[in-house]
Each structure stands twice: as C-alpha cells, then as structure tokens.
Amino acid sequence: MNYNNVDFDTYFKNYPDKSGFFGKYGGSFIPPELQNAMNEITDAYYSISKSGKFISELRRIRKEFQGRPTPISHLERLSSKCGNVQLYVKREDLNHTGAHKLNHCMGEALLAKYMGKKKIIAETGAGQHGVALATAAAYFGLECDIYMGAVDIKKQAPNVARMKILGANVVEVTDGLQTLKEAVDAAFMAYSNEYKDAIYCIGSVVGPHPFPMMVRDFQSIVGIEAREQFLEMTDELPDAVVACVGGGSNAMGIFSGFLNDPVDIYGVEPLGRGETLGDHAASLSYGSEGIMHGFNSIMLKDENGEPAPVYSVASGLDYPSSGPEHAFLHDLGRVKYDTVNDDETIDAFYTLSRLEGIIPAIESSHAVAYAMKLAKQMDKGSILINLSGRGDKDMDYIIEKYGIR
Ligand SMILES: *Cc1c(COP(=O)(O)O)cnc(C)c1O
C-alpha cells in the first residue's frame, strides 16, 4: 500500500531512518553529553534486541508474567446500541498492572539487564509510567529512580505508594511548578551524571531517537496479536481501528499491525473542555511543527513558542505534543486524527461499564467514545478499539467529580 510515495510494504525498514527521522519529524535534539548516552542505547538496541536470546526471553516474559496474549472481546450489547456496526476491544486492561505501558517497560528493562546496567531512571507525571517501570525493575532486580514533581506526588498518592511498595525510589522534584516538566529536567540531569550505570526509560513514543522507535517496536506486540486474533474471530480484517493518543504508544502499538492493510485508522485526541488553547491537549489537531523534549514533532505552543499549558480529564493524555511517527502519519494522511471532549468521554466510560462489564481507563474511554460516534456514521462493518487500560485508578476521581450515574 502506498500513501504520498511512502510504501507501507517496506515501511518498518525505512522508518525511522538511521538518525531517527520519520520524514521531517523525530531526530535527537539534546546536549552532546546526553547524545553519547543515547548512542549507546541505540547501538545496544540494534544489536541486542534482534538476538534470538533477547527475543525468546521477552516472549517468555510476555506469556508467563504479563499474561499475554490479551484477548479481543466482541462488544455485543454496545454494538446493538450503535446501529449495524460491530465493536470489538483489544483488552490491554488485562495486561499485568492493568494497561499497555508494561509492554515497553519490560522491553526497556530487559535491554537494561542485557546492557549490564544496574539502575533505570525515569520521570512520571500521573504515576502510571512510574508504576509500570517500578514493576519491571522489581522483576529484574534493578534499582529504580522515579523523578516526580512535588505537586504530582501529593495528587497521585496511590501511585506513589505503589511505586514504593514495588521498591522504587521516588525522588521529589521541588523546582519551578513542581510537575512533569521539572521532573523531566531533573531525570535527564540525573541520567547525564549516571549513564555509565543507568539507563533512561521513556514512557511513550516520544523523546529523542531511539525511543520513539524502540517503544513502538515493544508495543507492536499489541497490533501483531490483534490482527491475528481478529482474523481468527471474524475471518476478516476490521474496517476501522481506533486508539487514544497522548504521547501515542498504545496507538502506535495497535496501528503498526494494520498500517499496510486496507483498514481506516483513527487516533483520538483529548478535546477536554473545548477548543481554546489551555482547555485541551489535542496537539496533532491544533498544533504546529516544533521541537520539545529532544524531538521534532507537532506541538501546542504558547505565544513564546514554548510548550503550551494543556488540559484533559485523562491525566495520561495531557501532553503538549505527540510522538514524531504520529506527526508523520498525520501529514501523510494514513491515520486520521480527531477529537472527543471530556463529556463524551465520561459518557463512554459509564456506557462501557454498564453494557459490557468493563470499566475502562479515562484515557481509553476517549477511544470508546470516538468509536461509538464513528459506528453511528457507518452503515455496516466493524471497529476494533484499543482498550489501553482499566479504570480502577480513576475510581476516586470519577466518584468525586461525577458521582454515580
Ligand atoms: C499512559 C496511558 C495512555 C497514554 O499514553 P500513550 O503513550 O498515548 O498510549 C493511554 N491509556 C492508558 C491507560 C495510559 O495509562
């Protein structure tokens, strides 16, 4: 399949290129001392992750520890409410720890082990990446330093407790606004001092090369499984695949399985409270080209060209950019990016819970909401939704803010 001169038969061979570019997006825009460390990770990734030993160990971990393959469920009751279209979900909520993030954290931590590193370093905002990484560190017996803003530590007490129970060291960052941005800076600083013994683990398909590629590759298991399972269940491919996009890792995971198929692909961004800058985090829908956090992509900017403040009801989606591969697929037109707002998302959260007995993460509820709208516009066919995680983490917030509907 071909889109604007990009041949999807050979796509994964050519994208990203050797310097980490997907067209003009991606790359690595970081200080020279960090670049050496990144080069080490890139070299290790290319050599180690392709070895039979690494692949078979990761395969065993996925099966015996993570509980993969996760199933696909047919949403019969929800489908009957949305016209003639059949809706299905890929159940990443059933992956160990309750979301897709562990897929790349186990891969990154296994790479750390093969590289002989003793420690993994990361930042976390809402704490989901920190918990997944702390889980991986415990499994492999690695030290784990998670940098987190003091404000976020207060807001995300249950995840802070989880990380500590798993043995991670949660480092409080008290600079500036004491949230994710300062945590990223502090974690990068620590990494540039400790890179001989440590590796940095990014939580999505963002950051400098090789992370957008590496995280996509580790998440691609979702798309590989989903394609095979869907064919087995229905004898056909889905007509559409839908996933929510924050940084974009769960979306790249499932999309990668269908890029070369005659399947419509939709990435769903959070429109939050509305279209005004500051009220949403729909970077691909409203942003423009720019460099932040070490990579070139499409981002939301303030009047000074700096990353704009963003908002979403889903803390896992409130990021002012998205991975460079999404920016590339956006410009090519291979993936269509669209939005749903907070209200549509919360409706979908309750609807899926009530009709199907699956409580979705608020992030994943964005994809469910969009699929419900899309189903009503199609007169027949099927839609496969990536259910990136379960909603247990969101219970307190939902009850406090929306009550029981
Ligand atoms: C973190 C998170 C997301 C957003 O991250 P992506 O990299 O865009 O996938 C989505 N869903 C869940 C459940 C998450 O925890």
# chains A, B, ... in the order shown; residues from 1 in each chain; ligands from 1

$ residues_near_ligand --ligand "ligand 1" --cutoff "9 Å" --atoms "only C-alpha atoms and all ligand atoms" --output "PyMOL selection string"
chain A and resi 92-93+98-101+126-129+203-206+243-253+314-319+322-323+360-365+387-391

$ residues_around --residues "A:Asn159" --least-positions-apart "6" --cutoff "12 Å" --atoms "only C-alpha atoms" --output "JSON, numbers by chain"
{"A": [97, 124, 125, 126, 127, 128, 129, 130, 131, 132, 133, 134, 135, 146, 148, 152, 153, 165, 166, 168, 170, 392, 393, 394]}

$ residues_around --residues "stretch 14-23 of chain A" --least-positions-apart "6" --cutoff "9 Å" --atoms "only C-alpha atoms" --output "list in words"
Pro208, His209, Pro210, Phe211, Pro212, Met213, Asn296, Pro324, Glu325, Ala327, Phe328 and Leu329 of chain A

$ select_by_dssp --residues "stretch 127-229 of chain A" --states "alpha helix (DSSP H)" --output "VMD selection string"
chain A and resid 128 to 140 150 to 155 157 to 165 180 to 194 211 to 229

$ atom_distance --atom1 "atom CA of A:Leu271" --atom2 "atom CA of A:Thr339"
5.6 Å

$ closest_residue --among "A:Cys82, A:Ile221, A:Met233, A:Met106" --to "A:Ile254" --atoms "only C-alpha atoms"
A:Ile221

$ closest_residue --among "A:Thr351, A:Asn103, A:Ser285, A:Asn341" --to "A:Lys63" --atoms "only C-alpha atoms"
A:Asn103

$ select_by_dssp --residues "stretch 63-310 of chain A" --states "strand (DSSP E or B)" --output "PDB file with N, CA, C and O atoms, in the first residue's frame"
ATOM      1  N   ILE A  72      -9.256 -10.369  22.560  1.00  0.00           N
ATOM      2  CA  ILE A  72     -10.167  -9.385  21.965  1.00  0.00           C
ATOM      3  C   ILE A  72     -11.572  -9.769  22.406  1.00  0.00           C
ATOM      4  O   ILE A  72     -11.925 -10.944  22.372  1.00  0.00           O
ATOM      5  N   SER A  73     -12.356  -8.795  22.845  1.00  0.00           N
ATOM      6  CA  SER A  73     -13.743  -9.070  23.213  1.00  0.00           C
ATOM      7  C   SER A  73     -14.687  -8.394  22.226  1.00  0.00           C
ATOM      8  O   SER A  73     -14.460  -7.240  21.823  1.00  0.00           O
ATOM      9  N   HIS A  74     -15.736  -9.114  21.845  1.00  0.00           N
ATOM     10  CA  HIS A  74     -16.786  -8.558  20.993  1.00  0.00           C
ATOM     11  C   HIS A  74     -17.801  -7.846  21.892  1.00  0.00           C
ATOM     12  O   HIS A  74     -18.319  -8.446  22.829  1.00  0.00           O
ATOM     13  N   LEU A  75     -18.060  -6.576  21.650  1.00  0.00           N
ATOM     14  CA  LEU A  75     -18.993  -5.815  22.492  1.00  0.00           C
ATOM     15  C   LEU A  75     -20.392  -5.916  21.897  1.00  0.00           C
ATOM     16  O   LEU A  75     -20.841  -5.027  21.163  1.00  0.00           O
ATOM     17  N   GLN A  86     -20.279  -3.650  14.216  1.00  0.00           N
ATOM     18  CA  GLN A  86     -19.840  -4.472  15.346  1.00  0.00           C
ATOM     19  C   GLN A  86     -18.578  -3.871  15.971  1.00  0.00           C
ATOM     20  O   GLN A  86     -17.592  -3.602  15.270  1.00  0.00           O
ATOM     21  N   LEU A  87     -18.610  -3.695  17.288  1.00  0.00           N
ATOM     22  CA  LEU A  87     -17.474  -3.110  18.004  1.00  0.00           C
ATOM     23  C   LEU A  87     -16.720  -4.207  18.765  1.00  0.00           C
ATOM     24  O   LEU A  87     -17.334  -5.100  19.354  1.00  0.00           O
ATOM     25  N   TYR A  88     -15.397  -4.094  18.742  1.00  0.00           N
ATOM     26  CA  TYR A  88     -14.529  -5.044  19.441  1.00  0.00           C
ATOM     27  C   TYR A  88     -13.485  -4.261  20.232  1.00  0.00           C
ATOM     28  O   TYR A  88     -13.089  -3.168  19.819  1.00  0.00           O
ATOM     29  N   VAL A  89     -13.015  -4.846  21.360  1.00  0.00           N
ATOM     30  CA  VAL A  89     -11.912  -4.196  22.085  1.00  0.00           C
ATOM     31  C   VAL A  89     -10.739  -5.153  22.270  1.00  0.00           C
ATOM     32  O   VAL A  89     -10.923  -6.322  22.610  1.00  0.00           O
ATOM     33  N   LYS A  90      -9.544  -4.640  22.038  1.00  0.00           N
ATOM     34  CA  LYS A  90      -8.311  -5.349  22.386  1.00  0.00           C
ATOM     35  C   LYS A  90      -8.038  -5.024  23.840  1.00  0.00           C
ATOM     36  O   LYS A  90      -7.907  -3.852  24.221  1.00  0.00           O
ATOM     37  N   ARG A  91      -7.926  -6.067  24.680  1.00  0.00           N
ATOM     38  CA  ARG A  91      -8.013  -5.911  26.124  1.00  0.00           C
ATOM     39  C   ARG A  91      -6.663  -5.659  26.807  1.00  0.00           C
ATOM     40  O   ARG A  91      -6.207  -6.457  27.619  1.00  0.00           O
ATOM     41  N   ALA A  99      -2.606  -2.014  32.153  1.00  0.00           N
ATOM     42  CA  ALA A  99      -2.504  -1.123  30.994  1.00  0.00           C
ATOM     43  C   ALA A  99      -1.384  -1.599  30.071  1.00  0.00           C
ATOM     44  O   ALA A  99      -0.588  -2.469  30.429  1.00  0.00           O
ATOM     45  N   LYS A 119      20.660   0.228  37.094  1.00  0.00           N
ATOM     46  CA  LYS A 119      19.576   1.126  37.502  1.00  0.00           C
ATOM     47  C   LYS A 119      18.774   1.623  36.304  1.00  0.00           C
ATOM     48  O   LYS A 119      19.334   1.813  35.221  1.00  0.00           O
ATOM     49  N   ILE A 120      17.474   1.838  36.514  1.00  0.00           N
ATOM     50  CA  ILE A 120      16.689   2.525  35.499  1.00  0.00           C
ATOM     51  C   ILE A 120      16.135   3.828  36.093  1.00  0.00           C
ATOM     52  O   ILE A 120      15.773   3.886  37.260  1.00  0.00           O
ATOM     53  N   ILE A 121      16.155   4.861  35.253  1.00  0.00           N
ATOM     54  CA  ILE A 121      15.757   6.209  35.677  1.00  0.00           C
ATOM     55  C   ILE A 121      14.612   6.681  34.786  1.00  0.00           C
ATOM     56  O   ILE A 121      14.644   6.455  33.578  1.00  0.00           O
ATOM     57  N   ALA A 122      13.626   7.317  35.377  1.00  0.00           N
ATOM     58  CA  ALA A 122      12.544   7.896  34.569  1.00  0.00           C
ATOM     59  C   ALA A 122      11.864   8.999  35.352  1.00  0.00           C
ATOM     60  O   ALA A 122      12.060   9.150  36.563  1.00  0.00           O
ATOM     61  N   GLU A 123      11.040   9.763  34.629  1.00  0.00           N
ATOM     62  CA  GLU A 123      10.157  10.716  35.288  1.00  0.00           C
ATOM     63  C   GLU A 123       8.743  10.170  35.180  1.00  0.00           C
ATOM     64  O   GLU A 123       8.454   9.309  34.355  1.00  0.00           O
ATOM     65  N   GLU A 143      17.736  -1.387  40.328  1.00  0.00           N
ATOM     66  CA  GLU A 143      17.354  -0.191  41.092  1.00  0.00           C
ATOM     67  C   GLU A 143      16.486   0.690  40.193  1.00  0.00           C
ATOM     68  O   GLU A 143      16.640   0.673  38.974  1.00  0.00           O
ATOM     69  N   CYS A 144      15.641   1.496  40.811  1.00  0.00           N
ATOM     70  CA  CYS A 144      14.723   2.310  40.013  1.00  0.00           C
ATOM     71  C   CYS A 144      14.524   3.665  40.681  1.00  0.00           C
ATOM     72  O   CYS A 144      14.044   3.742  41.806  1.00  0.00           O
ATOM     73  N   ASP A 145      14.948   4.747  39.999  1.00  0.00           N
ATOM     74  CA  ASP A 145      14.730   6.109  40.495  1.00  0.00           C
ATOM     75  C   ASP A 145      13.657   6.777  39.649  1.00  0.00           C
ATOM     76  O   ASP A 145      13.846   6.964  38.441  1.00  0.00           O
ATOM     77  N   ILE A 146      12.553   7.144  40.270  1.00  0.00           N
ATOM     78  CA  ILE A 146      11.464   7.803  39.553  1.00  0.00           C
ATOM     79  C   ILE A 146      11.382   9.257  40.021  1.00  0.00           C
ATOM     80  O   ILE A 146      11.121   9.524  41.195  1.00  0.00           O
ATOM     81  N   TYR A 147      11.607  10.195  39.099  1.00  0.00           N
ATOM     82  CA  TYR A 147      11.536  11.617  39.423  1.00  0.00           C
ATOM     83  C   TYR A 147      10.104  12.104  39.235  1.00  0.00           C
ATOM     84  O   TYR A 147       9.478  11.844  38.209  1.00  0.00           O
ATOM     85  N   MET A 148       9.634  12.816  40.257  1.00  0.00           N
ATOM     86  CA  MET A 148       8.234  13.233  40.233  1.00  0.00           C
ATOM     87  C   MET A 148       8.113  14.594  40.912  1.00  0.00           C
ATOM     88  O   MET A 148       8.720  14.818  41.976  1.00  0.00           O
ATOM     89  N   GLY A 149       7.345  15.500  40.296  1.00  0.00           N
ATOM     90  CA  GLY A 149       7.138  16.816  40.884  1.00  0.00           C
ATOM     91  C   GLY A 149       6.427  16.708  42.227  1.00  0.00           C
ATOM     92  O   GLY A 149       5.576  15.841  42.419  1.00  0.00           O
ATOM     93  N   ASN A 169      12.581   4.113  44.196  1.00  0.00           N
ATOM     94  CA  ASN A 169      12.946   5.306  44.930  1.00  0.00           C
ATOM     95  C   ASN A 169      12.249   6.486  44.249  1.00  0.00           C
ATOM     96  O   ASN A 169      12.577   6.826  43.115  1.00  0.00           O
ATOM     97  N   VAL A 170      11.267   7.094  44.904  1.00  0.00           N
ATOM     98  CA  VAL A 170      10.550   8.225  44.307  1.00  0.00           C
ATOM     99  C   VAL A 170      11.264   9.514  44.719  1.00  0.00           C
ATOM    100  O   VAL A 170      11.324   9.846  45.903  1.00  0.00           O
ATOM    101  N   VAL A 171      11.840  10.206  43.728  1.00  0.00           N
ATOM    102  CA  VAL A 171      12.634  11.409  44.012  1.00  0.00           C
ATOM    103  C   VAL A 171      11.750  12.639  43.819  1.00  0.00           C
ATOM    104  O   VAL A 171      11.268  12.901  42.719  1.00  0.00           O
ATOM    105  N   GLU A 172      11.562  13.387  44.893  1.00  0.00           N
ATOM    106  CA  GLU A 172      10.697  14.564  44.845  1.00  0.00           C
ATOM    107  C   GLU A 172      11.424  15.734  44.183  1.00  0.00           C
ATOM    108  O   GLU A 172      12.546  16.065  44.554  1.00  0.00           O
ATOM    109  N   VAL A 173      10.774  16.352  43.176  1.00  0.00           N
ATOM    110  CA  VAL A 173      11.376  17.483  42.467  1.00  0.00           C
ATOM    111  C   VAL A 173      10.641  18.755  42.890  1.00  0.00           C
ATOM    112  O   VAL A 173       9.423  18.869  42.719  1.00  0.00           O
ATOM    113  N   ALA A 198      23.348   3.454  34.517  1.00  0.00           N
ATOM    114  CA  ALA A 198      21.886   3.525  34.462  1.00  0.00           C
ATOM    115  C   ALA A 198      21.392   3.671  33.026  1.00  0.00           C
ATOM    116  O   ALA A 198      22.147   4.083  32.145  1.00  0.00           O
ATOM    117  N   ILE A 199      20.134   3.301  32.768  1.00  0.00           N
ATOM    118  CA  ILE A 199      19.518   3.754  31.523  1.00  0.00           C
ATOM    119  C   ILE A 199      18.219   4.495  31.817  1.00  0.00           C
ATOM    120  O   ILE A 199      17.582   4.290  32.845  1.00  0.00           O
ATOM    121  N   TYR A 200      17.915   5.393  30.891  1.00  0.00           N
ATOM    122  CA  TYR A 200      16.727   6.214  30.991  1.00  0.00           C
ATOM    123  C   TYR A 200      15.614   5.489  30.243  1.00  0.00           C
ATOM    124  O   TYR A 200      15.828   4.947  29.174  1.00  0.00           O
ATOM    125  N   ALA A 240     -12.193  -0.533  10.670  1.00  0.00           N
ATOM    126  CA  ALA A 240     -11.523   0.608  11.299  1.00  0.00           C
ATOM    127  C   ALA A 240     -10.854   0.178  12.591  1.00  0.00           C
ATOM    128  O   ALA A 240     -11.327  -0.734  13.279  1.00  0.00           O
ATOM    129  N   VAL A 241      -9.739   0.841  12.907  1.00  0.00           N
ATOM    130  CA  VAL A 241      -9.034   0.647  14.172  1.00  0.00           C
ATOM    131  C   VAL A 241      -8.952   2.012  14.857  1.00  0.00           C
ATOM    132  O   VAL A 241      -8.654   3.018  14.198  1.00  0.00           O
ATOM    133  N   VAL A 242      -9.244   2.033  16.155  1.00  0.00           N
ATOM    134  CA  VAL A 242      -9.306   3.298  16.895  1.00  0.00           C
ATOM    135  C   VAL A 242      -8.488   3.199  18.177  1.00  0.00           C
ATOM    136  O   VAL A 242      -8.585   2.201  18.902  1.00  0.00           O
ATOM    137  N   ALA A 243      -7.690   4.223  18.477  1.00  0.00           N
ATOM    138  CA  ALA A 243      -6.951   4.269  19.751  1.00  0.00           C
ATOM    139  C   ALA A 243      -6.810   5.708  20.215  1.00  0.00           C
ATOM    140  O   ALA A 243      -6.783   6.633  19.383  1.00  0.00           O
ATOM    141  N   CYS A 244      -6.710   5.909  21.515  1.00  0.00           N
ATOM    142  CA  CYS A 244      -6.457   7.250  22.045  1.00  0.00           C
ATOM    143  C   CYS A 244      -4.971   7.586  21.899  1.00  0.00           C
ATOM    144  O   CYS A 244      -4.117   6.701  21.891  1.00  0.00           O
ATOM    145  N   ASP A 264      -9.163   1.609   7.850  1.00  0.00           N
ATOM    146  CA  ASP A 264      -9.126   3.027   8.247  1.00  0.00           C
ATOM    147  C   ASP A 264      -8.620   3.115   9.682  1.00  0.00           C
ATOM    148  O   ASP A 264      -9.095   2.381  10.546  1.00  0.00           O
ATOM    149  N   ILE A 265      -7.678   4.010   9.923  1.00  0.00           N
ATOM    150  CA  ILE A 265      -7.078   4.110  11.249  1.00  0.00           C
ATOM    151  C   ILE A 265      -7.342   5.498  11.829  1.00  0.00           C
ATOM    152  O   ILE A 265      -7.148   6.508  11.137  1.00  0.00           O
ATOM    153  N   TYR A 266      -7.787   5.523  13.094  1.00  0.00           N
ATOM    154  CA  TYR A 266      -8.147   6.784  13.745  1.00  0.00           C
ATOM    155  C   TYR A 266      -7.409   6.932  15.073  1.00  0.00           C
ATOM    156  O   TYR A 266      -7.480   6.045  15.930  1.00  0.00           O
ATOM    157  N   GLY A 267      -6.739   8.061  15.247  1.00  0.00           N
ATOM    158  CA  GLY A 267      -6.127   8.421  16.524  1.00  0.00           C
ATOM    159  C   GLY A 267      -7.006   9.466  17.193  1.00  0.00           C
ATOM    160  O   GLY A 267      -7.383  10.455  16.560  1.00  0.00           O
ATOM    161  N   VAL A 268      -7.335   9.252  18.454  1.00  0.00           N
ATOM    162  CA  VAL A 268      -8.294  10.128  19.138  1.00  0.00           C
ATOM    163  C   VAL A 268      -7.573  10.974  20.182  1.00  0.00           C
ATOM    164  O   VAL A 268      -6.934  10.454  21.101  1.00  0.00           O
ATOM    165  N   GLU A 269      -7.681  12.286  20.024  1.00  0.00           N
ATOM    166  CA  GLU A 269      -7.027  13.215  20.952  1.00  0.00           C
ATOM    167  C   GLU A 269      -8.056  13.831  21.893  1.00  0.00           C
ATOM    168  O   GLU A 269      -9.241  13.936  21.561  1.00  0.00           O
ATOM    169  N   PRO A 270      -7.574  14.264  23.077  1.00  0.00           N
ATOM    170  CA  PRO A 270      -8.492  14.813  24.077  1.00  0.00           C
ATOM    171  C   PRO A 270      -8.829  16.288  23.832  1.00  0.00           C
ATOM    172  O   PRO A 270      -7.944  17.134  23.868  1.00  0.00           O
ATOM    173  N   LEU A 271     -10.109  16.559  23.602  1.00  0.00           N
ATOM    174  CA  LEU A 271     -10.535  17.955  23.415  1.00  0.00           C
ATOM    175  C   LEU A 271     -10.881  18.631  24.743  1.00  0.00           C
ATOM    176  O   LEU A 271     -11.166  19.829  24.770  1.00  0.00           O
ATOM    177  N   GLY A 272     -10.846  17.867  25.830  1.00  0.00           N
ATOM    178  CA  GLY A 272     -11.017  18.464  27.157  1.00  0.00           C
ATOM    179  C   GLY A 272     -12.284  19.278  27.277  1.00  0.00           C
ATOM    180  O   GLY A 272     -13.375  18.820  26.993  1.00  0.00           O
ATOM    181  N   SER A 288       1.413  22.896  15.809  1.00  0.00           N
ATOM    182  CA  SER A 288       2.264  23.145  14.648  1.00  0.00           C
ATOM    183  C   SER A 288       3.657  22.591  14.931  1.00  0.00           C
ATOM    184  O   SER A 288       3.990  22.246  16.069  1.00  0.00           O
ATOM    185  N   GLU A 289       4.467  22.519  13.874  1.00  0.00           N
ATOM    186  CA  GLU A 289       5.769  21.868  13.991  1.00  0.00           C
ATOM    187  C   GLU A 289       6.664  22.566  15.012  1.00  0.00           C
ATOM    188  O   GLU A 289       6.708  23.794  15.064  1.00  0.00           O
ATOM    189  N   GLY A 290       7.366  21.785  15.814  1.00  0.00           N
ATOM    190  CA  GLY A 290       8.289  22.376  16.780  1.00  0.00           C
ATOM    191  C   GLY A 290       9.048  21.314  17.547  1.00  0.00           C
ATOM    192  O   GLY A 290       8.679  20.144  17.551  1.00  0.00           O
ATOM    193  N   ILE A 291      10.132  21.765  18.202  1.00  0.00           N
ATOM    194  CA  ILE A 291      10.989  20.850  18.954  1.00  0.00           C
ATOM    195  C   ILE A 291      10.751  21.021  20.453  1.00  0.00           C
ATOM    196  O   ILE A 291      10.784  22.139  20.973  1.00  0.00           O
ATOM    197  N   MET A 292      10.466  19.932  21.147  1.00  0.00           N
ATOM    198  CA  MET A 292      10.478  19.936  22.610  1.00  0.00           C
ATOM    199  C   MET A 292      10.915  18.558  23.094  1.00  0.00           C
ATOM    200  O   MET A 292      10.831  17.576  22.363  1.00  0.00           O
ATOM    201  N   PHE A 295      12.880  16.159  20.596  1.00  0.00           N
ATOM    202  CA  PHE A 295      12.445  15.637  19.291  1.00  0.00           C
ATOM    203  C   PHE A 295      11.575  16.649  18.564  1.00  0.00           C
ATOM    204  O   PHE A 295      10.940  17.499  19.176  1.00  0.00           O
ATOM    205  N   ASN A 296      11.562  16.546  17.224  1.00  0.00           N
ATOM    206  CA  ASN A 296      10.752  17.429  16.394  1.00  0.00           C
ATOM    207  C   ASN A 296       9.418  16.758  16.088  1.00  0.00           C
ATOM    208  O   ASN A 296       9.387  15.607  15.643  1.00  0.00           O
ATOM    209  N   SER A 297       8.332  17.455  16.359  1.00  0.00           N
ATOM    210  CA  SER A 297       7.015  16.873  16.094  1.00  0.00           C
ATOM    211  C   SER A 297       6.007  18.000  15.901  1.00  0.00           C
ATOM    212  O   SER A 297       6.390  19.138  15.613  1.00  0.00           O
ATOM    213  N   ILE A 298       4.739  17.680  16.067  1.00  0.00           N
ATOM    214  CA  ILE A 298       3.705  18.713  16.044  1.00  0.00           C
ATOM    215  C   ILE A 298       3.310  18.975  17.492  1.00  0.00           C
ATOM    216  O   ILE A 298       3.011  18.025  18.230  1.00  0.00           O
ATOM    217  N   MET A 299       3.376  20.234  17.906  1.00  0.00           N
ATOM    218  CA  MET A 299       3.137  20.535  19.316  1.00  0.00           C
ATOM    219  C   MET A 299       2.245  21.756  19.506  1.00  0.00           C
ATOM    220  O   MET A 299       2.088  22.575  18.604  1.00  0.00           O
ATOM    221  N   LYS A 301       1.842  25.284  21.164  1.00  0.00           N
ATOM    222  CA  LYS A 301       2.784  26.296  21.643  1.00  0.00           C
ATOM    223  C   LYS A 301       2.045  27.472  22.271  1.00  0.00           C
ATOM    224  O   LYS A 301       0.954  27.827  21.820  1.00  0.00           O
ATOM    225  N   PRO A 307       6.242  25.023  24.946  1.00  0.00           N
ATOM    226  CA  PRO A 307       5.118  24.106  25.124  1.00  0.00           C
ATOM    227  C   PRO A 307       3.972  24.781  25.882  1.00  0.00           C
ATOM    228  O   PRO A 307       4.187  25.382  26.941  1.00  0.00           O
TER     229      PRO A 307
END

$ closest_residue --among "A:Leu177, A:Pro69, A:Leu352, A:Gly27" --to "A:Glu228" --atoms "only C-alpha atoms"
A:Pro69

$ closest_residue --among "A:Val215, A:Ala371, A:Ile383, A:Ile398" --to "A:Ile346" --atoms "only C-alpha atoms"
A:Ile398

$ closest_residue --among "A:Glu108, A:Asp43, A:Asp239, A:Asp331" --to "A:Cys201" --atoms "only C-alpha atoms"
A:Glu108

$ atom_distance --atom1 "atom CA of A:Met163" --atom2 "atom CA of A:Gln66"
17.7 Å

$ atom_distance --atom1 "atom CA of A:Ile41" --atom2 "atom CA of A:Leu111"
8.7 Å

$ residues_around --residues "A:Ala369" --least-positions-apart "3" --cutoff "7 Å" --atoms "only C-alpha atoms" --output "PyMOL selection string"
chain A and resi 344-345+348+365-366+372-373

$ residues_around --residues "A:Phe54" --least-positions-apart "6" --cutoff "12 Å" --atoms "only C-alpha atoms" --output "list in words"
Ala44, Tyr45, Tyr46, Ser47, Ile48, Arg60, Ile61, Met106, Gly107, Glu108, Ala109, Leu110, Leu111, Ala112, Lys113, Tyr114 and Met115 of chain A

$ closest_residue --among "A:Ala187, A:Met38, A:Cys105, A:Leu384" --to "A:Val263" --atoms "only C-alpha atoms"
A:Leu384

$ decode --residues "stretch 149-155 of chain A" --atoms "all heavy atoms" --output "PDB file, in the first residue's frame"
ATOM      1  N   GLY A 149       7.345  15.500  40.296  1.00  0.00           N
ATOM      2  CA  GLY A 149       7.138  16.816  40.884  1.00  0.00           C
ATOM      3  C   GLY A 149       6.427  16.708  42.227  1.00  0.00           C
ATOM      4  O   GLY A 149       5.576  15.841  42.419  1.00  0.00           O
ATOM      5  N   ALA A 150       6.775  17.626  43.143  1.00  0.00           N
ATOM      6  CA  ALA A 150       6.174  17.585  44.483  1.00  0.00           C
ATOM      7  C   ALA A 150       4.651  17.716  44.420  1.00  0.00           C
ATOM      8  O   ALA A 150       3.935  17.078  45.197  1.00  0.00           O
ATOM      9  CB  ALA A 150       6.773  18.697  45.350  1.00  0.00           C
ATOM     10  N   VAL A 151       4.167  18.538  43.476  1.00  0.00           N
ATOM     11  CA  VAL A 151       2.708  18.713  43.344  1.00  0.00           C
ATOM     12  C   VAL A 151       2.059  17.400  42.910  1.00  0.00           C
ATOM     13  O   VAL A 151       1.021  16.989  43.443  1.00  0.00           O
ATOM     14  CB  VAL A 151       2.400  19.839  42.324  1.00  0.00           C
ATOM     15  CG1 VAL A 151       0.928  19.866  41.949  1.00  0.00           C
ATOM     16  CG2 VAL A 151       2.836  21.192  42.890  1.00  0.00           C
ATOM     17  N   ASP A 152       2.694  16.732  41.943  1.00  0.00           N
ATOM     18  CA  ASP A 152       2.153  15.450  41.475  1.00  0.00           C
ATOM     19  C   ASP A 152       2.216  14.380  42.571  1.00  0.00           C
ATOM     20  O   ASP A 152       1.331  13.527  42.660  1.00  0.00           O
ATOM     21  CB  ASP A 152       2.910  14.963  40.232  1.00  0.00           C
ATOM     22  CG  ASP A 152       2.586  15.805  39.005  1.00  0.00           C
ATOM     23  OD1 ASP A 152       1.474  16.381  38.967  1.00  0.00           O
ATOM     24  OD2 ASP A 152       3.428  15.887  38.101  1.00  0.00           O
ATOM     25  N   ILE A 153       3.257  14.417  43.378  1.00  0.00           N
ATOM     26  CA  ILE A 153       3.373  13.420  44.460  1.00  0.00           C
ATOM     27  C   ILE A 153       2.166  13.523  45.390  1.00  0.00           C
ATOM     28  O   ILE A 153       1.600  12.517  45.808  1.00  0.00           O
ATOM     29  CB  ILE A 153       4.702  13.607  45.237  1.00  0.00           C
ATOM     30  CG1 ILE A 153       5.877  13.143  44.363  1.00  0.00           C
ATOM     31  CG2 ILE A 153       4.668  12.844  46.568  1.00  0.00           C
ATOM     32  CD1 ILE A 153       7.238  13.198  45.019  1.00  0.00           C
ATOM     33  N   LYS A 154       1.756  14.766  45.669  1.00  0.00           N
ATOM     34  CA  LYS A 154       0.583  14.958  46.536  1.00  0.00           C
ATOM     35  C   LYS A 154      -0.691  14.465  45.872  1.00  0.00           C
ATOM     36  O   LYS A 154      -1.527  13.832  46.490  1.00  0.00           O
ATOM     37  CB  LYS A 154       0.417  16.452  46.861  1.00  0.00           C
ATOM     38  CG  LYS A 154       1.340  16.931  47.943  1.00  0.00           C
ATOM     39  CD  LYS A 154       0.701  18.047  48.776  1.00  0.00           C
ATOM     40  CE  LYS A 154       1.770  18.671  49.658  1.00  0.00           C
ATOM     41  NZ  LYS A 154       2.774  19.448  48.828  1.00  0.00           N
ATOM     42  N   LYS A 155      -0.824  14.794  44.554  1.00  0.00           N
ATOM     43  CA  LYS A 155      -2.056  14.449  43.839  1.00  0.00           C
ATOM     44  C   LYS A 155      -2.209  12.950  43.591  1.00  0.00           C
ATOM     45  O   LYS A 155      -3.304  12.441  43.452  1.00  0.00           O
ATOM     46  CB  LYS A 155      -2.059  15.152  42.459  1.00  0.00           C
ATOM     47  CG  LYS A 155      -2.582  16.573  42.506  1.00  0.00           C
ATOM     48  CD  LYS A 155      -3.324  16.999  41.241  1.00  0.00           C
ATOM     49  CE  LYS A 155      -2.557  17.136  39.988  1.00  0.00           C
ATOM     50  NZ  LYS A 155      -2.717  18.247  39.137  1.00  0.00           N
TER      51      LYS A 155
END
